[in-house]
file structure.cif (mmCIF, C-alpha atoms)
data_upload
loop_
_atom_site.label_atom_id
_atom_site.label_comp_id
_atom_site.auth_asym_id
_atom_site.auth_seq_id
_atom_site.Cartn_x
_atom_site.Cartn_y
_atom_site.Cartn_z
CA MET A 442 0.00 0.00 0.00
CA ALA A 443 0.98 3.63 -0.32
CA ILE A 444 3.68 5.30 1.76
CA PRO A 445 3.74 8.95 2.85
CA PHE A 446 4.30 10.95 -0.31
CA PHE A 447 6.86 13.39 1.02
CA SER A 448 9.24 10.66 2.17
CA LYS A 449 9.97 9.23 -1.26
CA LEU A 450 9.95 11.42 -4.34
CA ARG A 451 10.06 9.64 -7.65
CA ASP A 452 13.18 11.35 -8.97
CA LYS A 453 16.07 10.38 -6.67
CA LYS A 454 18.18 13.25 -8.00
CA THR A 455 15.80 15.88 -6.65
CA HIS A 456 14.57 14.16 -3.57
CA LEU A 457 14.78 15.69 -0.14
CA LYS A 458 18.57 15.77 0.01
CA LEU A 459 18.02 19.42 -0.92
CA ILE A 460 16.62 20.18 2.52
CA ASN A 461 17.71 17.23 4.66
CA LYS A 462 20.09 19.36 6.71
CA GLU A 463 17.43 22.00 7.34
CA LEU A 464 14.82 19.35 8.19
CA GLN A 465 17.14 18.08 10.90
CA LYS A 466 17.41 21.64 12.19
CA VAL A 467 13.61 21.73 12.36
CA ARG A 468 13.59 18.52 14.39
CA ASP A 469 16.24 19.95 16.68
CA GLU A 470 14.20 23.14 17.10
CA ILE A 471 11.10 21.17 18.06
CA ALA A 472 13.11 19.18 20.59
CA ALA A 473 14.54 22.41 22.00
CA GLN A 474 11.06 23.87 22.39
CA THR A 475 10.10 21.12 24.85
CA GLU A 476 12.54 22.71 27.30
CA ALA A 477 10.30 25.78 27.48
CA PHE A 478 7.75 23.79 29.51
CA GLU A 479 7.73 23.25 33.25
CA PRO A 480 9.35 19.99 34.43
CA TYR A 481 6.02 18.25 35.11
CA VAL A 482 4.93 18.94 31.52
CA ARG A 483 8.30 18.56 29.83
CA GLU A 484 8.44 14.76 29.82
CA TYR A 485 5.03 14.50 28.19
CA MET A 486 6.14 16.97 25.52
CA ARG A 487 9.38 15.15 24.90
CA ARG A 488 7.50 11.94 24.21
CA ILE A 489 4.95 13.67 21.97
CA CYS A 490 7.63 15.50 19.99
CA ARG A 491 9.66 12.34 19.48
CA GLY A 492 6.74 11.05 17.44
CA GLN A 493 7.30 13.38 14.49
CA GLY A 494 5.93 12.00 11.25
CA LYS A 495 6.36 12.84 7.60
CA MET A 496 7.41 16.46 8.25
CA LEU A 497 5.30 17.37 5.24
CA ARG A 498 4.38 20.89 6.29
CA PRO A 499 7.93 21.78 7.37
CA GLY A 500 9.12 20.36 4.07
CA LEU A 501 6.74 22.64 2.19
CA VAL A 502 8.05 25.63 4.16
CA LEU A 503 11.67 24.78 3.41
CA LEU A 504 11.20 23.92 -0.27
CA THR A 505 9.17 27.09 -0.82
CA ALA A 506 11.91 29.10 0.87
CA ALA A 507 14.59 27.38 -1.19
CA ALA A 508 12.64 28.04 -4.40
CA THR A 509 12.12 31.74 -3.62
CA GLY A 510 15.59 32.87 -2.58
CA GLY A 511 17.00 30.60 0.09
CA ILE A 512 16.27 29.18 3.54
CA LYS A 513 16.69 31.56 6.47
CA LYS A 514 16.79 30.85 10.20
CA GLU A 515 13.25 32.25 10.44
CA HIS A 516 12.08 29.59 8.00
CA VAL A 517 13.44 26.83 10.23
CA THR A 518 11.60 28.25 13.25
CA PHE A 519 8.43 28.71 11.19
CA ALA A 520 8.65 25.12 9.95
CA ALA A 521 9.02 23.89 13.53
CA LEU A 522 6.07 25.85 14.89
CA LEU A 523 3.89 24.70 12.00
CA GLU A 524 4.73 21.07 12.74
CA MET A 525 3.87 21.68 16.40
CA ILE A 526 0.47 23.07 15.37
CA HIS A 527 -0.04 20.00 13.22
CA MET A 528 0.96 17.67 16.06
CA ALA A 529 -1.50 19.44 18.36
CA SER A 530 -4.29 19.01 15.82
CA LEU A 531 -3.51 15.27 15.55
CA ILE A 532 -3.67 14.90 19.33
CA HIS A 533 -7.12 16.48 19.29
CA ASP A 534 -8.16 14.38 16.27
CA ASP A 535 -7.17 11.16 18.02
CA VAL A 536 -9.21 12.12 21.08
CA LEU A 537 -12.26 12.80 18.91
CA ASP A 538 -11.75 9.63 16.87
CA LYS A 539 -10.88 7.44 19.89
CA ALA A 540 -7.80 6.37 17.93
CA ASP A 541 -5.26 4.26 19.82
CA VAL A 542 -2.38 4.23 17.34
CA ARG A 543 -0.63 6.82 15.19
CA ARG A 544 2.73 6.38 13.47
CA ASP A 545 2.86 2.89 14.96
CA GLN A 546 2.90 4.33 18.48
CA PRO A 547 0.19 4.68 21.16
CA THR A 548 -1.62 8.01 20.92
CA PRO A 549 -1.47 10.46 23.87
CA ASN A 550 -5.13 9.74 24.68
CA ALA A 551 -4.37 6.01 24.77
CA LEU A 552 -1.40 6.63 27.07
CA TRP A 553 -2.74 9.32 29.41
CA GLY A 554 -6.45 9.73 28.81
CA ASN A 555 -8.52 12.25 26.89
CA GLU A 556 -8.40 15.12 29.38
CA LEU A 557 -4.62 15.25 29.64
CA ALA A 558 -4.21 14.72 25.88
CA VAL A 559 -6.41 17.74 25.10
CA LEU A 560 -4.48 19.94 27.53
CA LEU A 561 -1.15 18.84 26.06
CA GLY A 562 -2.41 19.67 22.57
CA ASP A 563 -3.48 23.10 23.79
CA SER A 564 -0.03 23.62 25.34
CA LEU A 565 1.65 22.85 22.01
CA LEU A 566 -0.57 25.39 20.25
CA ALA A 567 0.28 28.04 22.83
CA GLN A 568 4.01 27.47 22.42
CA ALA A 569 3.66 27.73 18.63
CA ILE A 570 2.06 31.17 19.08
CA VAL A 571 5.01 32.25 21.22
CA MET A 572 7.42 31.12 18.49
CA GLY A 573 5.47 32.98 15.81
CA ALA A 574 5.65 36.21 17.76
CA GLU A 575 9.43 35.86 17.87
CA ILE A 576 10.00 35.64 14.11
CA GLY A 577 7.37 37.89 12.52
CA GLY A 578 5.54 41.13 13.00
CA SER A 579 1.85 41.66 13.67
CA LYS A 580 0.82 40.85 10.07
CA PHE A 581 2.64 37.51 10.20
CA CYS A 582 1.16 36.68 13.60
CA ARG A 583 -2.31 37.49 12.29
CA LYS A 584 -1.72 35.15 9.32
CA MET A 585 -0.84 32.37 11.77
CA ALA A 586 -3.80 33.12 14.03
CA VAL A 587 -6.24 33.04 11.09
CA ALA A 588 -4.82 29.69 9.99
CA MET A 589 -5.23 28.27 13.49
CA ARG A 590 -8.77 29.63 13.69
CA ASP A 591 -9.67 28.03 10.35
CA LEU A 592 -8.14 24.74 11.45
CA CYS A 593 -10.16 24.73 14.67
CA GLN A 594 -13.35 25.81 12.90
CA GLY A 595 -12.92 22.97 10.44
CA GLU A 596 -12.63 20.48 13.29
CA VAL A 597 -15.71 21.95 15.01
CA GLU A 598 -17.70 21.77 11.78
CA GLN A 599 -16.63 18.19 11.10
CA SER A 600 -17.54 17.07 14.62
CA SER A 601 -20.91 18.84 14.51
CA ARG A 602 -21.87 17.48 11.08
CA LEU A 603 -21.45 13.75 11.60
CA TRP A 604 -24.17 11.79 9.78
CA ASP A 605 -25.44 15.08 8.32
CA ALA A 606 -27.58 14.08 5.36
CA ASP A 607 -27.95 17.74 4.37
CA MET A 608 -24.22 18.21 3.92
CA SER A 609 -23.19 18.88 0.32
CA ARG A 610 -19.98 18.22 -1.57
CA ALA A 611 -19.35 21.97 -1.55
CA ASP A 612 -19.64 21.86 2.25
CA TYR A 613 -17.16 18.99 2.34
CA TYR A 614 -14.60 20.88 0.25
CA GLU A 615 -14.89 23.96 2.46
CA LEU A 616 -14.51 21.78 5.55
CA ILE A 617 -11.32 20.09 4.36
CA ARG A 618 -9.96 23.43 3.16
CA LYS A 619 -10.15 24.58 6.75
CA LYS A 620 -9.09 21.46 8.63
CA THR A 621 -6.31 20.25 6.33
CA ALA A 622 -5.48 22.60 3.47
CA THR A 623 -5.12 25.69 5.65
CA LEU A 624 -1.77 24.48 7.07
CA PHE A 625 -0.50 23.55 3.60
CA ALA A 626 -1.47 27.01 2.37
CA VAL A 627 0.10 28.90 5.26
CA ALA A 628 3.26 26.79 4.99
CA MET A 629 3.86 28.03 1.47
CA SER A 630 2.51 31.57 1.75
CA GLY A 631 4.18 32.08 5.14
CA ALA A 632 7.54 30.99 3.77
CA ALA A 633 7.14 33.43 0.87
CA TYR A 634 6.08 36.21 3.24
CA LEU A 635 9.17 35.71 5.43
CA GLN A 636 11.20 35.78 2.22
CA GLY A 637 9.79 39.20 1.32
CA MET A 638 8.10 38.00 -1.87
CA ASP A 639 5.50 40.25 -3.49
CA GLU A 640 1.83 39.78 -2.68
CA GLU A 641 0.92 38.18 -6.03
CA ILE A 642 3.45 35.35 -5.65
CA THR A 643 2.54 34.89 -1.99
CA GLU A 644 -1.14 34.56 -2.86
CA GLN A 645 -0.43 32.11 -5.69
CA LEU A 646 1.62 29.94 -3.34
CA ASN A 647 -1.22 30.13 -0.84
CA ARG A 648 -3.52 28.86 -3.60
CA MET A 649 -1.08 26.06 -4.47
CA GLY A 650 -0.93 24.97 -0.83
CA THR A 651 -4.72 24.97 -0.62
CA LEU A 652 -5.02 22.76 -3.70
CA LEU A 653 -2.31 20.39 -2.46
CA GLY A 654 -3.97 20.15 0.94
CA ILE A 655 -7.36 19.32 -0.57
CA ALA A 656 -5.79 16.65 -2.79
CA TYR A 657 -3.94 15.21 0.18
CA GLN A 658 -7.08 15.06 2.34
CA ILE A 659 -8.97 13.25 -0.43
CA TYR A 660 -6.08 10.77 -0.54
CA ASP A 661 -6.37 10.32 3.23
CA ASP A 662 -10.13 9.80 2.93
CA CYS A 663 -9.61 7.13 0.28
CA LEU A 664 -6.86 5.50 2.32
CA ASP A 665 -9.26 5.24 5.27
CA LEU A 666 -11.41 2.93 3.14
CA THR A 667 -8.79 1.08 1.10
CA GLY A 668 -5.73 0.82 3.36
CA THR A 669 -4.75 -1.22 6.40
CA ASP A 670 -3.69 -0.05 9.86
CA GLU A 671 -0.36 -1.84 9.44
CA ASN A 672 0.60 -0.12 6.19
CA ALA A 673 -0.82 3.27 7.11
CA GLY A 674 0.79 3.35 10.56
CA LYS A 675 -2.40 4.65 12.19
CA THR A 676 -5.91 3.57 13.09
CA LEU A 677 -8.06 3.47 9.95
CA GLY A 678 -11.81 3.18 9.61
CA THR A 679 -12.57 5.84 12.21
CA ASP A 680 -14.19 8.10 9.60
CA ALA A 681 -16.68 5.37 8.75
CA GLU A 682 -17.41 4.51 12.38
CA LYS A 683 -18.02 8.10 13.44
CA GLY A 684 -20.14 9.09 10.46
CA LYS A 685 -17.78 11.53 8.75
CA LEU A 686 -19.06 12.19 5.24
CA THR A 687 -15.97 12.01 3.06
CA LEU A 688 -15.78 12.32 -0.71
CA PRO A 689 -16.07 8.57 -1.42
CA VAL A 690 -19.27 8.52 0.68
CA PHE A 691 -20.78 11.31 -1.41
CA PHE A 692 -20.00 9.37 -4.58
CA LEU A 693 -21.50 6.21 -3.09
CA MET A 694 -24.70 8.16 -2.41
CA GLU A 695 -24.63 9.28 -6.06
CA SER A 696 -23.82 5.82 -7.40
CA SER A 697 -25.42 4.60 -10.61
CA CYS A 698 -26.17 1.42 -8.64
CA GLU A 699 -29.45 2.52 -7.09
CA ASP A 700 -29.47 -0.20 -4.42
CA VAL A 701 -26.08 0.93 -3.10
CA ALA A 702 -26.95 4.62 -3.31
CA ASP A 703 -30.25 4.10 -1.47
CA ASP A 704 -28.65 1.93 1.20
CA VAL A 705 -25.85 4.42 1.90
CA ARG A 706 -28.23 7.39 1.98
CA ASN A 707 -30.59 5.54 4.32
CA ARG A 708 -27.77 4.54 6.66
CA VAL A 709 -26.54 8.12 6.81
CA ALA A 710 -30.06 9.35 7.55
CA ARG A 711 -30.45 6.73 10.33
CA HIS A 712 -26.92 7.35 11.70
CA GLU A 713 -25.97 3.75 11.00
CA GLU A 714 -22.44 2.66 10.10
CA ILE A 715 -22.00 1.97 6.39
CA ASP A 716 -21.12 -1.66 5.68
CA TYR A 717 -17.90 -1.15 3.72
CA THR A 718 -16.96 -4.82 4.12
CA SER A 719 -19.79 -5.85 1.82
CA LEU A 720 -19.26 -2.87 -0.49
CA ARG A 721 -15.57 -3.58 -1.18
CA GLY A 722 -15.18 -5.39 -4.48
CA THR A 723 -18.38 -3.93 -5.92
CA GLU A 724 -18.46 -1.71 -8.97
CA ALA A 725 -20.09 1.04 -6.91
CA PHE A 726 -17.20 1.07 -4.43
CA ARG A 727 -14.57 1.06 -7.18
CA GLU A 728 -16.40 3.89 -8.94
CA ALA A 729 -16.58 5.98 -5.76
CA ILE A 730 -12.85 5.61 -5.06
CA GLN A 731 -11.91 6.27 -8.69
CA ARG A 732 -14.04 9.41 -8.90
CA SER A 733 -12.53 10.67 -5.65
CA VAL A 734 -9.01 9.99 -6.93
CA ASP A 735 -9.80 11.79 -10.19
CA GLU A 736 -10.99 14.85 -8.26
CA ALA A 737 -7.76 14.90 -6.25
CA LEU A 738 -5.58 14.42 -9.34
CA SER A 739 -7.29 17.39 -10.97
CA ARG A 740 -6.53 19.65 -8.02
CA ASN A 741 -2.98 18.38 -7.82
CA GLU A 742 -2.44 19.21 -11.49
CA GLU A 743 -3.83 22.70 -10.93
CA ALA A 744 -1.46 23.14 -7.97
CA ARG A 745 1.51 22.08 -10.10
CA GLU A 746 0.79 24.85 -12.61
CA VAL A 747 1.65 27.49 -9.99
CA LEU A 748 5.27 26.33 -10.03
CA TRP A 749 5.79 27.92 -13.44
CA LEU A 750 5.73 31.28 -11.67
CA LEU A 751 8.93 30.38 -9.78
CA PRO A 752 12.51 30.36 -11.11
CA ASP A 753 13.75 27.09 -12.62
CA THR A 754 15.75 25.67 -9.70
CA LYS A 755 16.38 22.31 -8.08
CA ALA A 756 13.94 23.28 -5.36
CA ARG A 757 11.19 23.91 -7.90
CA LYS A 758 11.90 20.54 -9.51
CA ALA A 759 11.71 18.84 -6.11
CA MET A 760 8.35 20.51 -5.47
CA ALA A 761 7.08 19.26 -8.81
CA GLU A 762 8.29 15.73 -8.04
CA MET A 763 6.51 15.91 -4.70
CA THR A 764 3.21 16.55 -6.49
CA TYR A 765 3.87 13.66 -8.89
CA ARG A 766 4.48 11.42 -5.90
CA LEU A 767 1.06 12.36 -4.57
CA ASP A 768 -0.36 11.40 -7.97
CA ASP A 769 1.25 7.97 -7.54
CA LEU A 770 -0.19 7.51 -4.07
CA LEU A 771 -3.66 8.51 -5.20
CA ARG A 772 -3.56 5.97 -8.02
CA ASP A 773 -2.38 3.34 -5.54
CA CYS A 774 -5.73 3.68 -3.79
CA CYS A 775 -7.37 2.20 -6.88
CA THR A 776 -5.06 -0.81 -7.01
CA ASP A 777 -6.61 -4.21 -6.28
CA LEU A 778 -10.10 -2.81 -5.74
#
call {"tool": "encode", "arguments": {"input": "structure.cif", "output": "structure tokens"}}
result
Amino acid sequence: MAIPFFSKLRDKKTHLKLINKELQKVRDEIAAQTEAFEPYVREYMRRICRGQGKMLRPGLVLLTAAATGGIKKEHVTFAALLEMIHMASLIHDDVLDKADVRRDQPTPNALWGNELAVLLGDSLLAQAIVMGAEIGGSKFCRKMAVAMRDLCQGEVEQSSRLWDADMSRADYYELIRKKTATLFAVAMSGAAYLQGMDEEITEQLNRMGTLLGIAYQIYDDCLDLTGTDENAGKTLGTDAEKGKLTLPVFFLMESSCEDVADDVRNRVARHEEIDYTSLRGTEAFREAIQRSVDEALSRNEEAREVLWLLPDTKARKAMAEMTYRLDDLLRDCCTDL
């Protein structure tokens, strides 16, 4: 099954060797930030921060910086704080989803309970705000605050719209823009802002990050239905159990197979778990996954077009290869269906 797309670009010549040294600096910065906490909190934070994952958002910060003039110390700090925001959001996600495993390790809620996990996530967010204030002015801090607000609003909306039969595909896209794509967008636009790039380029990179984030969330939604816990390194199937209406579910409700469409719609209306075990292997299921993948591929292609606005550098090539790797992972979701 698929592996995280940022960890293995297709072209070995342009893979993350370009920013490996800076990525290690980001990891070191995150580790150093745990020392800012009081001793009775510090050990929890050390364990949480040892569980760093794909470093996708920091990678986007660093590659954007490299492609727009070079990586500065501020970019390393920004990449670290963005990863800490992401880690905090995952802690909160795992509490909501009752997930026990992430990145092949027990989740904070599994280790210490929901209450403490939520507080630790909040503490990470607070420290990220402190870091942001140290590297940027009021405009930069506002950009970060808006991103965090959108992220939280997306989570609130998702949690409050479980089994919501009135939810539309447009609602779904706006929801994942907030809860996932907002950090991709701010990673790229924030890096350009710290670089001093003009507003047009900054906004285009924000748009690219948004498109990438949407494509990546669709991939994650498909993986939840087609992957395994072992290969994904996290608890899958929680979307289905909790009643999250993801893109494949919308396409199942629109299936040309009326029996499947009616059954899925009725289960959503009755707040009953959809029986994906019986759906797997059917034409309706294959069609739903394929249509979802096609939607993500389209957005990924649109994101790739933004790169033509940047100078032709190794960093730009690496960013392009990253998007092609996501294409590969999306197509993997359709394998063996």
call {"tool": "atom_distance", "arguments": {"input": "structure.cif", "atom1": "atom CA of Lys462 of chain A", "atom2": "atom CA of Leu566 of chain A"}}
result
25.4 Å
call {"tool": "closest_atom_pairs", "arguments": {"input": "structure.cif", "of": "segment 517-623 of chain A", "to": "segment 634-657 of chain A", "cutoff": "9 Å", "atoms": "all atoms listed in the file", "output": "CSV"}}
result
residue,atom,partner,partner_atom,distance
A:Ile576,CA,A:Leu635,CA,8.7
A:Gly577,CA,A:Leu635,CA,7.6
A:Phe581,CA,A:Tyr634,CA,7.9
A:Tyr614,CA,A:Ile655,CA,7.5
A:Ile617,CA,A:Ile655,CA,6.4
A:Arg618,CA,A:Ile655,CA,6.1
A:Thr621,CA,A:Gly654,CA,5.9
A:Ala622,CA,A:Gly654,CA,3.8
A:Thr623,CA,A:Thr651,CA,6.3
call {"tool": "resolve_selection", "arguments": {"input": "structure.cif", "expression": "the PyMOL selection byres ((chain A and resi 689) around 6)", "output": "count of residues only"}}
result
8
call {"tool": "atom_distance", "arguments": {"input": "structure.cif", "atom1": "atom CA of Leu497 of chain A", "atom2": "atom CA of Arg610 of chain A"}}
result
26.2 Å
call {"tool": "atom_distance", "arguments": {"input": "structure.cif", "atom1": "atom CA of Tyr613 of chain A", "atom2": "atom CA of Arg708 of chain A"}}
result
18.4 Å
call {"tool": "resolve_selection", "arguments": {"input": "structure.cif", "expression": "the PyMOL selection byres ((chain A and resi 551-555) around 8)", "output": "PyMOL selection string"}}
result
chain A and resi 536+540-542+547-550+556-559
call {"tool": "write_last_selection", "arguments": {"input": "structure.cif", "atoms": "C-alpha atoms", "output": "PDB file, keeping the file's coordinate frame"}}
result
ATOM      1  CA  VAL A 536      -9.210  12.120  21.080  1.00  0.00           C
ATOM      2  CA  ALA A 540      -7.800   6.370  17.930  1.00  0.00           C
ATOM      3  CA  ASP A 541      -5.260   4.260  19.820  1.00  0.00           C
ATOM      4  CA  VAL A 542      -2.380   4.230  17.340  1.00  0.00           C
ATOM      5  CA  PRO A 547       0.190   4.680  21.160  1.00  0.00           C
ATOM      6  CA  THR A 548      -1.620   8.010  20.920  1.00  0.00           C
ATOM      7  CA  PRO A 549      -1.470  10.460  23.870  1.00  0.00           C
ATOM      8  CA  ASN A 550      -5.130   9.740  24.680  1.00  0.00           C
ATOM      9  CA  GLU A 556      -8.400  15.120  29.380  1.00  0.00           C
ATOM     10  CA  LEU A 557      -4.620  15.250  29.640  1.00  0.00           C
ATOM     11  CA  ALA A 558      -4.210  14.720  25.880  1.00  0.00           C
ATOM     12  CA  VAL A 559      -6.410  17.740  25.100  1.00  0.00           C
TER      13      VAL A 559
END
call {"tool": "resolve_selection", "arguments": {"input": "structure.cif", "expression": "the PyMOL selection byres ((chain A and resi 601) around 12)", "output": "number ranges by chain"}}
result
A: 537, 594-600, 602-605, 608, 616, 683-686
call {"tool": "closest_residue", "arguments": {"input": "structure.cif", "among": "A:Ala472, A:Met496, A:Ala737, A:Ala744", "to": "Asp769 of chain A", "atoms": "all atoms listed in the file"}}
result
A:Ala737
